[in-house]
Amino acid sequence: MIRNYYTDSYKSGIAVTPSDTLLLDGKTKATTPQGAWKEYNIYIGNSPAGSKMKVHTINDEVIEFVTPAQGFVLPVSVVQVYATDTEGGISNLVALS
């Protein structure tokens, strides 16, 4: 079970497929209004040295994390993990809600 600081535990998790066009829930970002975006927290399963990942947040911001800590949950609400600029062996990402 993965816990966070705000609740006892997350209710569900899905494997993350990085995409430059799709949201984490599989909907197309271009045709889904921002108010309908589903937000997740991202758990980092594997993050070797030199890795980076680019995410899109619920606040419509693009943020890049360089060498995020393995076993860490990103401190932002994410709607999309980009395939472009997510590299360096980062893998086993889980979207938690």
# chains A, B, ... in the order shown; residues from 1 in each chain; ligands from 1
$ residues_around --residues "A:Ser47" --least-positions-apart "2" --cutoff "9 Å" --atoms "only C-alpha atoms" --output "list in words"
Ile44, Gly45, Ala49, Gly50, Ser51, Lys52, Thr67, Pro68, Ala69, Gln70, Gly71, Gly88, Gly89, Ile90, Ser91 and Asn92 of chain A
$ residues_around --residues "A:Phe72" --least-positions-apart "6" --cutoff "12 Å" --atoms "only C-alpha atoms" --output "count of residues only"
15
$ closest_residue --among "A:Tyr82, A:Pro48, A:Ser77, A:Met53" --to "A:Lys29" --atoms "only C-alpha atoms"
A:Tyr82
$ residues_around --residues "A:Val62" --least-positions-apart "6" --cutoff "10 Å" --atoms "only C-alpha atoms" --output "MDAnalysis selection string"
chainID A and resid 54:56 78 80:82
$ write_last_selection --atoms "C-alpha atoms" --output "compact mmCIF listing (two decimals), in the first residue's frame"
# COMPACT_ATOMS: atom_id res chain seq x y z
CA LYS A 54 7.92 15.99 -18.09
CA VAL A 55 4.37 16.22 -16.76
CA HIS A 56 1.28 18.37 -17.31
CA VAL A 78 -0.68 15.36 -12.72
CA GLN A 80 -0.44 13.74 -18.29
CA VAL A 81 3.09 12.33 -18.46
CA TYR A 82 4.75 13.28 -21.74
$ residues_around --residues "A:Val79" --least-positions-apart "3" --cutoff "6 Å" --atoms "only C-alpha atoms" --output "MDAnalysis selection string"
chainID A and resid 23:24 39 56:58
$ write_last_selection --atoms "C-alpha atoms" --output "short mmCIF file (atom, residue, chain, number, x, y, z; two decimals), in the first residue's frame"
data_model
loop_
_atom_site.label_atom_id
_atom_site.label_comp_id
_atom_site.auth_asym_id
_atom_site.auth_seq_id
_atom_site.Cartn_x
_atom_site.Cartn_y
_atom_site.Cartn_z
CA LEU A 23 -4.26 12.22 -20.63
CA LEU A 24 -3.49 9.57 -18.01
CA GLU A 39 -5.81 14.35 -11.61
CA HIS A 56 1.28 18.37 -17.31
CA THR A 57 -0.46 19.44 -14.11
CA ILE A 58 -4.12 19.99 -13.26
#
$ select_by_dssp --residues "chain A" --states "strand (DSSP E or B)" --output "ChimeraX atom specification"
/A:13-15,22,28,40-43,46,52-57,62-66,73,78-81,87,91,94-96
